[in-house]
Amino acid sequence: MSARERRIAELRRSLPEIAPREALRLQRQGAALIDVREPDEVAQGSPAGALRIVRGFLELSVEEEVPDLARPVLTLCAGGLRSLFAAHDLRELGYRDVRSIAGGFGAWKRAGLPVEVPRVLDQEQRERYGRHLAIPEVGEAGQVRLLESKVLLVGAGGLGSPAALYLAAAGVGTLGIVDDDVVDRSNLQRQVLHADARVGQPKVDSARQTLEALNPAVRVVPHRVRLDRTNVEQILAGHDVVVDGADNFPTRYLVNDACVKLRLPNVHASVYRFEGQLSVFWPARPTAAGPCYRCLYPEPPPPELAPSCAEAGVLGVLPGVMGLLQAVETIKLLVGVGQPLVGRLLQYDALSQRFTSLKLERDPDCRYCADGVPFPGYVDYERSCVPPAVAETR
Amino acid sequence: MSLATIRIPTPLRSLTAGAGEVAVRAATVRAALEELERRHPGVLARVLDERGETRGFVNIFLGDTNVKQLGGLDATVNGAAVISIVPAVAGGAP
């Protein structure tokens, strides 16, 4: 008898083995079923609802998934041997009720028990997103969510550029980009998606070129249009998050109103010279609903009270800071971690290097998002600030 | 009367001789804004409408709370308070 066979016989004497059908019964009663096989094996299928922790990381990772040492644990591998070793290790770790599933996944399938094919990362993705996988709050499940997500960026300008770069780098599967403009040399002081050689090209095409070079797996969907009441809903629909990086009030109100109607989170930022504002407007948030943009600002300023065009200008890096904060909020929403900036307005003052957080409440009388009010329709507000010298340079 | 600091947003600083903060003594938020207007005539018209209420594209915060949640502009200023004028900002940089 080889050492291996002797050891397996010892483990079988000291550890309970369990038939797949009985394991399913215990799983349904609350036991944790841990599939300890390698990712390429799991990719072919795994018991429905199983936790998937490769044997090599089992002791290191299991407590994050199963914090209660009293919870019954069932281990599974391909044929029922590796799961014996795994069960032994878990018992040594302190889990009190551990059983190995006899015959492993082969027996599970032969018994006709429920199987799912989990979306798992391939080798190239494991390499690319390794620093995400190392964060328990993101991990493989979070990365898969990012890969399956659709984000719409309104504007490929000062805010949209940094947001798009980091969302593409993070592996957000689909990035829709709305912008009807072409690249102007004066954009390049801050709009880092674009390049000097692409002055005169449509911004959405320039953006796609940069983003696909950074991460070829990202699907970039260009919308070379200006949002208006006739197209806003169709363009926003089907996304998980909308990132508002517009440069004018008419677009911001359209984006807000469509997000309210479509129940989408609206990750909003705006900048002026050395100052930025950031919030997540999301009245349809399933828990702790927040205000919409109109709860805060019911109507845009009339042209004569909007900041004059002559004053317009921004420190190039300022939309960089704010666009990155939009990317942070977007990724938090997609992965489902942390506290989103719902019901708060973050103000950034670059000159004093000060962040101020202000509390925002829902307006119970908001014309757009108050509970039970019918949607009042879209408004095409007049563009209030289009000075000839800078009109084409957003 | 408490000492309050009014934070002036950048778009209004052309009306406050460039000042980003103005310190005033006042018992209420409204009195603080009126004192701001005395020092920098014209600024308040961008913040309040003809009826003396906050315009729809501006919010006034006392500390971190919108004065709408504190009963309006007559909210009492206690201690060393910060009053922030927060306007809607369109940009992006056009």
# chains A, B, ... in the order shown; residues from 1 in each chain; ligands from 1
$ interface_residues --of "chain A" --to "chain B" --cutoff "8 Å" --atoms "only C-alpha atoms" --output "PyMOL selection string"
chain A and resi 157-159+245-249+252+270-275+296-301+305+307+311-314+319+357-360+390-394
$ write_last_selection --atoms "N, CA and C atoms" --output "compact mmCIF listing (two decimals), in the first residue's frame"
# COMPACT_ATOMS: atom_id res chain seq x y z
N GLY A 157 -15.48 64.30 -22.63
CA GLY A 157 -14.70 65.51 -22.43
C GLY A 157 -13.84 65.44 -21.18
N GLY A 158 -13.84 66.55 -20.42
CA GLY A 158 -12.95 66.65 -19.26
C GLY A 158 -13.28 65.65 -18.17
N LEU A 159 -14.58 65.41 -17.93
CA LEU A 159 -14.99 64.44 -16.90
C LEU A 159 -15.02 63.03 -17.48
N GLY A 245 -21.18 63.49 -17.48
CA GLY A 245 -20.04 64.39 -17.63
C GLY A 245 -20.35 65.45 -18.66
N ALA A 246 -21.61 65.91 -18.66
CA ALA A 246 -22.03 66.91 -19.66
C ALA A 246 -21.45 68.27 -19.30
N ASP A 247 -21.58 69.19 -20.26
CA ASP A 247 -21.02 70.53 -20.03
C ASP A 247 -22.11 71.60 -20.13
N ASN A 248 -23.37 71.18 -20.07
CA ASN A 248 -24.43 72.19 -20.22
C ASN A 248 -25.68 71.73 -19.48
N PHE A 249 -26.49 72.72 -19.07
CA PHE A 249 -27.69 72.41 -18.29
C PHE A 249 -28.74 71.63 -19.08
N ARG A 252 -27.88 68.05 -18.82
CA ARG A 252 -27.93 67.53 -17.43
C ARG A 252 -29.36 67.27 -16.99
N SER A 270 -19.71 68.02 -11.71
CA SER A 270 -19.59 69.25 -12.49
C SER A 270 -18.40 70.02 -11.95
N VAL A 271 -17.83 70.84 -12.82
CA VAL A 271 -16.61 71.57 -12.44
C VAL A 271 -16.69 73.01 -12.91
N TYR A 272 -15.99 73.85 -12.19
CA TYR A 272 -15.89 75.27 -12.56
C TYR A 272 -14.59 75.80 -11.99
N ARG A 273 -13.69 76.15 -12.85
CA ARG A 273 -12.39 76.69 -12.45
C ARG A 273 -11.64 75.74 -11.49
N PHE A 274 -11.69 76.01 -10.19
CA PHE A 274 -10.95 75.19 -9.22
C PHE A 274 -11.89 74.36 -8.34
N GLU A 275 -13.18 74.33 -8.68
CA GLU A 275 -14.15 73.69 -7.80
C GLU A 275 -14.92 72.59 -8.52
N LEU A 296 -32.52 68.91 -5.82
CA LEU A 296 -31.52 69.90 -5.40
C LEU A 296 -31.71 71.20 -6.17
N TYR A 297 -31.82 71.09 -7.48
CA TYR A 297 -31.96 72.27 -8.34
C TYR A 297 -33.17 72.05 -9.25
N PRO A 298 -34.36 72.49 -8.84
CA PRO A 298 -35.58 72.18 -9.61
C PRO A 298 -35.52 72.64 -11.06
N GLU A 299 -34.88 73.79 -11.32
CA GLU A 299 -34.83 74.33 -12.68
C GLU A 299 -33.43 74.88 -12.93
N PRO A 300 -33.00 74.88 -14.20
CA PRO A 300 -31.70 75.50 -14.51
C PRO A 300 -31.82 77.02 -14.40
N PRO A 301 -30.68 77.69 -14.19
CA PRO A 301 -30.73 79.16 -14.15
C PRO A 301 -31.07 79.71 -15.52
N LEU A 305 -28.61 84.65 -15.59
CA LEU A 305 -28.07 84.40 -14.25
C LEU A 305 -27.06 83.24 -14.22
N PRO A 307 -23.47 81.57 -14.91
CA PRO A 307 -22.15 82.21 -14.94
C PRO A 307 -21.83 82.65 -16.36
N GLU A 311 -16.38 84.04 -18.12
CA GLU A 311 -15.71 83.53 -16.93
C GLU A 311 -15.40 82.05 -17.04
N ALA A 312 -15.96 81.38 -18.06
CA ALA A 312 -15.84 79.94 -18.12
C ALA A 312 -14.37 79.55 -18.26
N GLY A 313 -14.02 78.46 -17.63
CA GLY A 313 -12.64 78.00 -17.67
C GLY A 313 -12.47 77.02 -16.54
N VAL A 314 -11.46 76.20 -16.64
CA VAL A 314 -11.27 75.20 -15.60
C VAL A 314 -9.80 74.79 -15.58
N PRO A 319 -11.28 68.54 -13.65
CA PRO A 319 -12.19 67.48 -14.11
C PRO A 319 -11.55 66.10 -14.04
N SER A 357 -18.52 67.56 2.63
CA SER A 357 -19.66 66.70 2.35
C SER A 357 -20.92 67.34 2.91
N LEU A 358 -21.91 67.55 2.04
CA LEU A 358 -23.18 68.16 2.43
C LEU A 358 -24.29 67.13 2.31
N LYS A 359 -25.27 67.21 3.21
CA LYS A 359 -26.37 66.25 3.17
C LYS A 359 -27.45 66.70 2.20
N LEU A 360 -27.91 65.79 1.35
CA LEU A 360 -29.00 66.09 0.41
C LEU A 360 -30.21 65.24 0.78
N VAL A 390 -15.72 79.58 -28.07
CA VAL A 390 -15.47 78.30 -27.41
C VAL A 390 -16.57 77.29 -27.63
N ALA A 391 -17.54 77.63 -28.49
CA ALA A 391 -18.71 76.76 -28.62
C ALA A 391 -18.34 75.35 -29.06
N GLU A 392 -17.33 75.23 -29.84
CA GLU A 392 -17.01 73.90 -30.39
C GLU A 392 -15.96 73.18 -29.57
N THR A 393 -15.62 73.68 -28.39
CA THR A 393 -14.44 73.13 -27.72
C THR A 393 -14.77 72.35 -26.46
N ARG A 394 -15.99 71.87 -26.32
CA ARG A 394 -16.30 71.20 -25.06
C ARG A 394 -15.63 69.87 -24.92
$ select_by_dssp --residues "region 9-84 of chain B" --states "strand (DSSP E)" --output "ChimeraX atom specification"
/B:21-26,58-62,65-66,81-84
$ write_last_selection --atoms "N, CA and C atoms" --output "mmCIF file, in the first residue's frame"
data_model
loop_
_atom_site.group_PDB
_atom_site.id
_atom_site.type_symbol
_atom_site.label_atom_id
_atom_site.label_comp_id
_atom_site.auth_asym_id
_atom_site.auth_seq_id
_atom_site.Cartn_x
_atom_site.Cartn_y
_atom_site.Cartn_z
ATOM 1 N N GLU B 21 -14.338 83.578 1.017
ATOM 2 C CA GLU B 21 -15.029 83.480 2.308
ATOM 3 C C GLU B 21 -15.260 84.886 2.845
ATOM 4 N N VAL B 22 -16.425 85.077 3.436
ATOM 5 C CA VAL B 22 -16.724 86.367 4.053
ATOM 6 C C VAL B 22 -17.227 86.075 5.458
ATOM 7 N N ALA B 23 -16.597 86.674 6.457
ATOM 8 C CA ALA B 23 -16.999 86.454 7.848
ATOM 9 C C ALA B 23 -17.982 87.544 8.271
ATOM 10 N N VAL B 24 -19.109 87.116 8.832
ATOM 11 C CA VAL B 24 -20.129 88.087 9.262
ATOM 12 C C VAL B 24 -20.623 87.711 10.661
ATOM 13 N N ARG B 25 -21.187 88.706 11.356
ATOM 14 C CA ARG B 25 -21.887 88.418 12.609
ATOM 15 C C ARG B 25 -23.377 88.482 12.337
ATOM 16 N N ALA B 26 -24.085 87.413 12.698
ATOM 17 C CA ALA B 26 -25.514 87.383 12.400
ATOM 18 C C ALA B 26 -26.204 86.348 13.274
ATOM 19 N N VAL B 58 -30.010 77.405 -6.708
ATOM 20 C CA VAL B 58 -29.038 77.672 -5.642
ATOM 21 C C VAL B 58 -29.538 76.993 -4.368
ATOM 22 N N ASN B 59 -28.624 76.461 -3.585
ATOM 23 C CA ASN B 59 -28.970 75.962 -2.259
ATOM 24 C C ASN B 59 -28.061 76.609 -1.228
ATOM 25 N N ILE B 60 -28.626 76.813 -0.046
ATOM 26 C CA ILE B 60 -27.851 77.375 1.058
ATOM 27 C C ILE B 60 -27.745 76.299 2.139
ATOM 28 N N PHE B 61 -26.535 76.027 2.558
ATOM 29 C CA PHE B 61 -26.315 75.039 3.611
ATOM 30 C C PHE B 61 -25.783 75.728 4.856
ATOM 31 N N LEU B 62 -26.306 75.319 6.003
ATOM 32 C CA LEU B 62 -25.749 75.738 7.289
ATOM 33 C C LEU B 62 -25.032 74.515 7.845
ATOM 34 N N THR B 65 -26.090 70.915 6.460
ATOM 35 C CA THR B 65 -27.534 70.708 6.284
ATOM 36 C C THR B 65 -28.148 71.829 5.454
ATOM 37 N N ASN B 66 -28.959 71.432 4.477
ATOM 38 C CA ASN B 66 -29.666 72.395 3.646
ATOM 39 C C ASN B 66 -30.631 73.187 4.538
ATOM 40 N N ALA B 81 -20.363 79.129 12.770
ATOM 41 C CA ALA B 81 -21.015 78.331 11.735
ATOM 42 C C ALA B 81 -20.412 78.613 10.368
ATOM 43 N N VAL B 82 -20.569 77.627 9.464
ATOM 44 C CA VAL B 82 -20.192 77.829 8.065
ATOM 45 C C VAL B 82 -21.474 77.805 7.239
ATOM 46 N N ILE B 83 -21.668 78.857 6.464
ATOM 47 C CA ILE B 83 -22.814 78.934 5.556
ATOM 48 C C ILE B 83 -22.265 78.795 4.141
ATOM 49 N N SER B 84 -22.754 77.766 3.408
ATOM 50 C CA SER B 84 -22.254 77.542 2.043
ATOM 51 C C SER B 84 -23.329 77.888 1.031
#
$ select_by_dssp --residues "region 54-112 of chain A" --states "helix (DSSP H, G or I)" --output "MDAnalysis selection string"
chainID A and resid 55:65 82:93 104:110
$ atom_distance --atom1 "CA of Leu351 (chain A)" --atom2 "CA of Val317 (chain A)"
12.2 Å
$ closest_residue --among "A:Arg52, A:Arg21, A:Arg219, A:His88" --to "Val151 (chain A)" --atoms "only C-alpha atoms"
A:Arg219
$ atom_distance --atom1 "CA of Pro364 (chain A)" --atom2 "CA of Ala258 (chain A)"
18.9 Å
$ residues_around --residues "Leu152 (chain A)" --least-positions-apart "5" --cutoff "8 Å" --atoms "only C-alpha atoms" --output "mmCIF file with N, CA and C atoms, in the first residue's frame"
data_model
loop_
_atom_site.group_PDB
_atom_site.id
_atom_site.type_symbol
_atom_site.label_atom_id
_atom_site.label_comp_id
_atom_site.auth_asym_id
_atom_site.auth_seq_id
_atom_site.Cartn_x
_atom_site.Cartn_y
_atom_site.Cartn_z
ATOM 1 N N LEU A 175 -18.996 50.059 -22.622
ATOM 2 C CA LEU A 175 -18.980 51.491 -22.356
ATOM 3 C C LEU A 175 -19.651 52.194 -23.526
ATOM 4 N N GLY A 176 -20.852 52.709 -23.295
ATOM 5 C CA GLY A 176 -21.480 53.576 -24.282
ATOM 6 C C GLY A 176 -20.971 54.992 -24.068
ATOM 7 N N ILE A 177 -20.714 55.703 -25.147
ATOM 8 C CA ILE A 177 -20.212 57.076 -25.035
ATOM 9 C C ILE A 177 -21.033 57.977 -25.949
ATOM 10 N N VAL A 178 -21.618 59.015 -25.352
ATOM 11 C CA VAL A 178 -22.417 59.970 -26.118
ATOM 12 C C VAL A 178 -21.643 61.268 -26.250
ATOM 13 N N LEU A 236 -30.145 55.875 -23.150
ATOM 14 C CA LEU A 236 -29.785 55.511 -21.766
ATOM 15 C C LEU A 236 -30.268 54.112 -21.377
ATOM 16 N N HIS A 239 -28.614 50.355 -19.679
ATOM 17 C CA HIS A 239 -27.353 50.474 -18.962
ATOM 18 C C HIS A 239 -27.582 50.244 -17.471
ATOM 19 N N VAL A 241 -25.486 51.912 -15.105
ATOM 20 C CA VAL A 241 -25.149 53.183 -14.463
ATOM 21 C C VAL A 241 -24.943 54.216 -15.572
ATOM 22 N N VAL A 242 -25.357 55.460 -15.304
ATOM 23 C CA VAL A 242 -25.093 56.569 -16.225
ATOM 24 C C VAL A 242 -24.118 57.525 -15.546
ATOM 25 N N VAL A 243 -23.080 57.913 -16.267
ATOM 26 C CA VAL A 243 -22.091 58.856 -15.745
ATOM 27 C C VAL A 243 -22.291 60.185 -16.473
#
$ atom_distance --atom1 "CA of Arg383 (chain A)" --atom2 "CA of Val260 (chain A)"
21.9 Å
$ closest_residue --among "A:Asp122, A:Glu382, A:Asp371, A:Asp97" --to "Thr251 (chain A)" --atoms "only C-alpha atoms"
A:Glu382
$ residues_around --residues "Glu34 (chain B)" --least-positions-apart "3" --cutoff "12 Å" --atoms "only C-alpha atoms" --output "PyMOL selection string"
chain B and resi 6+24-31+37-45+47-48+52+73-74
$ closest_residue --among "A:Gly49, A:Pro250, A:Pro286, A:Gly160" --to "Leu324 (chain A)" --atoms "only C-alpha atoms"
A:Gly160
$ residues_around --residues "Gln347 (chain A)" --least-positions-apart "3" --cutoff "7 Å" --atoms "only C-alpha atoms" --output "MDAnalysis selection string"
chainID A and resid 276:278 355:357
$ decode --residues "region 163-202 of chain A" --atoms "N, CA and C atoms" --output "PDB file, in the first residue's frame"
ATOM      1  N   ALA A 163     -12.873  59.193 -16.428  1.00  0.00           N
ATOM      2  CA  ALA A 163     -13.819  58.150 -16.007  1.00  0.00           C
ATOM      3  C   ALA A 163     -13.753  56.975 -16.977  1.00  0.00           C
ATOM      4  N   ALA A 164     -13.781  57.266 -18.282  1.00  0.00           N
ATOM      5  CA  ALA A 164     -13.785  56.193 -19.280  1.00  0.00           C
ATOM      6  C   ALA A 164     -12.495  55.378 -19.218  1.00  0.00           C
ATOM      7  N   LEU A 165     -11.371  56.067 -19.050  1.00  0.00           N
ATOM      8  CA  LEU A 165     -10.094  55.339 -19.008  1.00  0.00           C
ATOM      9  C   LEU A 165     -10.081  54.324 -17.874  1.00  0.00           C
ATOM     10  N   TYR A 166     -10.497  54.762 -16.686  1.00  0.00           N
ATOM     11  CA  TYR A 166     -10.415  53.848 -15.544  1.00  0.00           C
ATOM     12  C   TYR A 166     -11.516  52.788 -15.566  1.00  0.00           C
ATOM     13  N   LEU A 167     -12.666  53.117 -16.122  1.00  0.00           N
ATOM     14  CA  LEU A 167     -13.714  52.094 -16.231  1.00  0.00           C
ATOM     15  C   LEU A 167     -13.300  51.026 -17.236  1.00  0.00           C
ATOM     16  N   ALA A 168     -12.672  51.448 -18.333  1.00  0.00           N
ATOM     17  CA  ALA A 168     -12.174  50.472 -19.312  1.00  0.00           C
ATOM     18  C   ALA A 168     -11.064  49.632 -18.690  1.00  0.00           C
ATOM     19  N   ALA A 169     -10.160  50.295 -17.976  1.00  0.00           N
ATOM     20  CA  ALA A 169      -9.073  49.555 -17.341  1.00  0.00           C
ATOM     21  C   ALA A 169      -9.617  48.551 -16.327  1.00  0.00           C
ATOM     22  N   ALA A 170     -10.698  48.923 -15.640  1.00  0.00           N
ATOM     23  CA  ALA A 170     -11.278  48.052 -14.612  1.00  0.00           C
ATOM     24  C   ALA A 170     -12.025  46.876 -15.226  1.00  0.00           C
ATOM     25  N   GLY A 171     -12.262  46.929 -16.542  1.00  0.00           N
ATOM     26  CA  GLY A 171     -12.907  45.790 -17.183  1.00  0.00           C
ATOM     27  C   GLY A 171     -14.409  45.896 -17.309  1.00  0.00           C
ATOM     28  N   VAL A 172     -14.971  47.103 -17.177  1.00  0.00           N
ATOM     29  CA  VAL A 172     -16.410  47.263 -17.413  1.00  0.00           C
ATOM     30  C   VAL A 172     -16.693  46.801 -18.842  1.00  0.00           C
ATOM     31  N   GLY A 173     -17.613  45.867 -18.987  1.00  0.00           N
ATOM     32  CA  GLY A 173     -17.763  45.163 -20.256  1.00  0.00           C
ATOM     33  C   GLY A 173     -18.169  46.029 -21.427  1.00  0.00           C
ATOM     34  N   THR A 174     -19.148  46.908 -21.197  1.00  0.00           N
ATOM     35  CA  THR A 174     -19.644  47.761 -22.281  1.00  0.00           C
ATOM     36  C   THR A 174     -19.622  49.207 -21.825  1.00  0.00           C
ATOM     37  N   LEU A 175     -18.996  50.059 -22.622  1.00  0.00           N
ATOM     38  CA  LEU A 175     -18.980  51.491 -22.356  1.00  0.00           C
ATOM     39  C   LEU A 175     -19.651  52.194 -23.526  1.00  0.00           C
ATOM     40  N   GLY A 176     -20.852  52.709 -23.295  1.00  0.00           N
ATOM     41  CA  GLY A 176     -21.480  53.576 -24.282  1.00  0.00           C
ATOM     42  C   GLY A 176     -20.971  54.992 -24.068  1.00  0.00           C
ATOM     43  N   ILE A 177     -20.714  55.703 -25.147  1.00  0.00           N
ATOM     44  CA  ILE A 177     -20.212  57.076 -25.035  1.00  0.00           C
ATOM     45  C   ILE A 177     -21.033  57.977 -25.949  1.00  0.00           C
ATOM     46  N   VAL A 178     -21.618  59.015 -25.352  1.00  0.00           N
ATOM     47  CA  VAL A 178     -22.417  59.970 -26.118  1.00  0.00           C
ATOM     48  C   VAL A 178     -21.643  61.268 -26.250  1.00  0.00           C
ATOM     49  N   ASP A 179     -21.387  61.696 -27.471  1.00  0.00           N
ATOM     50  CA  ASP A 179     -20.775  63.003 -27.698  1.00  0.00           C
ATOM     51  C   ASP A 179     -20.915  63.315 -29.179  1.00  0.00           C
ATOM     52  N   ASP A 180     -21.366  64.507 -29.493  1.00  0.00           N
ATOM     53  CA  ASP A 180     -21.568  64.837 -30.915  1.00  0.00           C
ATOM     54  C   ASP A 180     -20.439  65.700 -31.461  1.00  0.00           C
ATOM     55  N   ASP A 181     -19.410  65.916 -30.618  1.00  0.00           N
ATOM     56  CA  ASP A 181     -18.402  66.911 -30.945  1.00  0.00           C
ATOM     57  C   ASP A 181     -17.174  66.287 -31.601  1.00  0.00           C
ATOM     58  N   VAL A 182     -16.307  67.147 -32.111  1.00  0.00           N
ATOM     59  CA  VAL A 182     -15.012  66.700 -32.618  1.00  0.00           C
ATOM     60  C   VAL A 182     -13.907  67.245 -31.715  1.00  0.00           C
ATOM     61  N   VAL A 183     -12.756  66.595 -31.775  1.00  0.00           N
ATOM     62  CA  VAL A 183     -11.636  66.984 -30.913  1.00  0.00           C
ATOM     63  C   VAL A 183     -11.076  68.329 -31.375  1.00  0.00           C
ATOM     64  N   ASP A 184     -10.918  69.221 -30.417  1.00  0.00           N
ATOM     65  CA  ASP A 184     -10.314  70.530 -30.682  1.00  0.00           C
ATOM     66  C   ASP A 184      -9.023  70.610 -29.882  1.00  0.00           C
ATOM     67  N   ARG A 185      -8.064  71.361 -30.411  1.00  0.00           N
ATOM     68  CA  ARG A 185      -6.775  71.418 -29.706  1.00  0.00           C
ATOM     69  C   ARG A 185      -6.940  71.926 -28.272  1.00  0.00           C
ATOM     70  N   SER A 186      -7.892  72.830 -28.058  1.00  0.00           N
ATOM     71  CA  SER A 186      -8.079  73.376 -26.705  1.00  0.00           C
ATOM     72  C   SER A 186      -8.661  72.345 -25.737  1.00  0.00           C
ATOM     73  N   ASN A 187      -9.139  71.203 -26.244  1.00  0.00           N
ATOM     74  CA  ASN A 187      -9.623  70.129 -25.366  1.00  0.00           C
ATOM     75  C   ASN A 187      -8.470  69.403 -24.671  1.00  0.00           C
ATOM     76  N   LEU A 188      -7.320  69.411 -25.299  1.00  0.00           N
ATOM     77  CA  LEU A 188      -6.250  68.487 -24.891  1.00  0.00           C
ATOM     78  C   LEU A 188      -5.601  68.882 -23.573  1.00  0.00           C
ATOM     79  N   GLN A 189      -5.911  70.078 -23.076  1.00  0.00           N
ATOM     80  CA  GLN A 189      -5.432  70.521 -21.760  1.00  0.00           C
ATOM     81  C   GLN A 189      -6.020  69.644 -20.656  1.00  0.00           C
ATOM     82  N   ARG A 190      -7.088  68.920 -20.914  1.00  0.00           N
ATOM     83  CA  ARG A 190      -7.747  68.122 -19.868  1.00  0.00           C
ATOM     84  C   ARG A 190      -8.386  66.832 -20.382  1.00  0.00           C
ATOM     85  N   GLN A 191      -8.684  66.744 -21.669  1.00  0.00           N
ATOM     86  CA  GLN A 191      -9.468  65.609 -22.165  1.00  0.00           C
ATOM     87  C   GLN A 191      -8.512  64.513 -22.634  1.00  0.00           C
ATOM     88  N   VAL A 192      -8.025  63.742 -21.674  1.00  0.00           N
ATOM     89  CA  VAL A 192      -6.871  62.869 -21.899  1.00  0.00           C
ATOM     90  C   VAL A 192      -7.194  61.607 -22.708  1.00  0.00           C
ATOM     91  N   LEU A 193      -8.460  61.444 -23.097  1.00  0.00           N
ATOM     92  CA  LEU A 193      -8.778  60.360 -24.032  1.00  0.00           C
ATOM     93  C   LEU A 193      -8.241  60.653 -25.422  1.00  0.00           C
ATOM     94  N   HIS A 194      -8.082  61.920 -25.737  1.00  0.00           N
ATOM     95  CA  HIS A 194      -7.805  62.322 -27.112  1.00  0.00           C
ATOM     96  C   HIS A 194      -6.314  62.614 -27.290  1.00  0.00           C
ATOM     97  N   ALA A 195      -5.926  62.918 -28.530  1.00  0.00           N
ATOM     98  CA  ALA A 195      -4.517  63.098 -28.832  1.00  0.00           C
ATOM     99  C   ALA A 195      -4.362  64.176 -29.892  1.00  0.00           C
ATOM    100  N   ASP A 196      -3.197  64.786 -29.899  1.00  0.00           N
ATOM    101  CA  ASP A 196      -2.955  65.882 -30.834  1.00  0.00           C
ATOM    102  C   ASP A 196      -3.200  65.452 -32.274  1.00  0.00           C
ATOM    103  N   ALA A 197      -2.804  64.232 -32.590  1.00  0.00           N
ATOM    104  CA  ALA A 197      -2.951  63.767 -33.976  1.00  0.00           C
ATOM    105  C   ALA A 197      -4.406  63.551 -34.360  1.00  0.00           C
ATOM    106  N   ARG A 198      -5.320  63.594 -33.388  1.00  0.00           N
ATOM    107  CA  ARG A 198      -6.728  63.309 -33.698  1.00  0.00           C
ATOM    108  C   ARG A 198      -7.601  64.561 -33.624  1.00  0.00           C
ATOM    109  N   VAL A 199      -6.971  65.728 -33.625  1.00  0.00           N
ATOM    110  CA  VAL A 199      -7.741  66.972 -33.682  1.00  0.00           C
ATOM    111  C   VAL A 199      -8.596  66.950 -34.950  1.00  0.00           C
ATOM    112  N   GLY A 200      -9.871  67.279 -34.796  1.00  0.00           N
ATOM    113  CA  GLY A 200     -10.788  67.289 -35.933  1.00  0.00           C
ATOM    114  C   GLY A 200     -11.587  66.013 -36.073  1.00  0.00           C
ATOM    115  N   GLN A 201     -11.169  64.925 -35.406  1.00  0.00           N
ATOM    116  CA  GLN A 201     -11.923  63.663 -35.485  1.00  0.00           C
ATOM    117  C   GLN A 201     -13.080  63.684 -34.490  1.00  0.00           C
ATOM    118  N   PRO A 202     -14.127  62.920 -34.754  1.00  0.00           N
ATOM    119  CA  PRO A 202     -15.202  62.806 -33.762  1.00  0.00           C
ATOM    120  C   PRO A 202     -14.648  62.286 -32.429  1.00  0.00           C
TER     121      PRO A 202
END
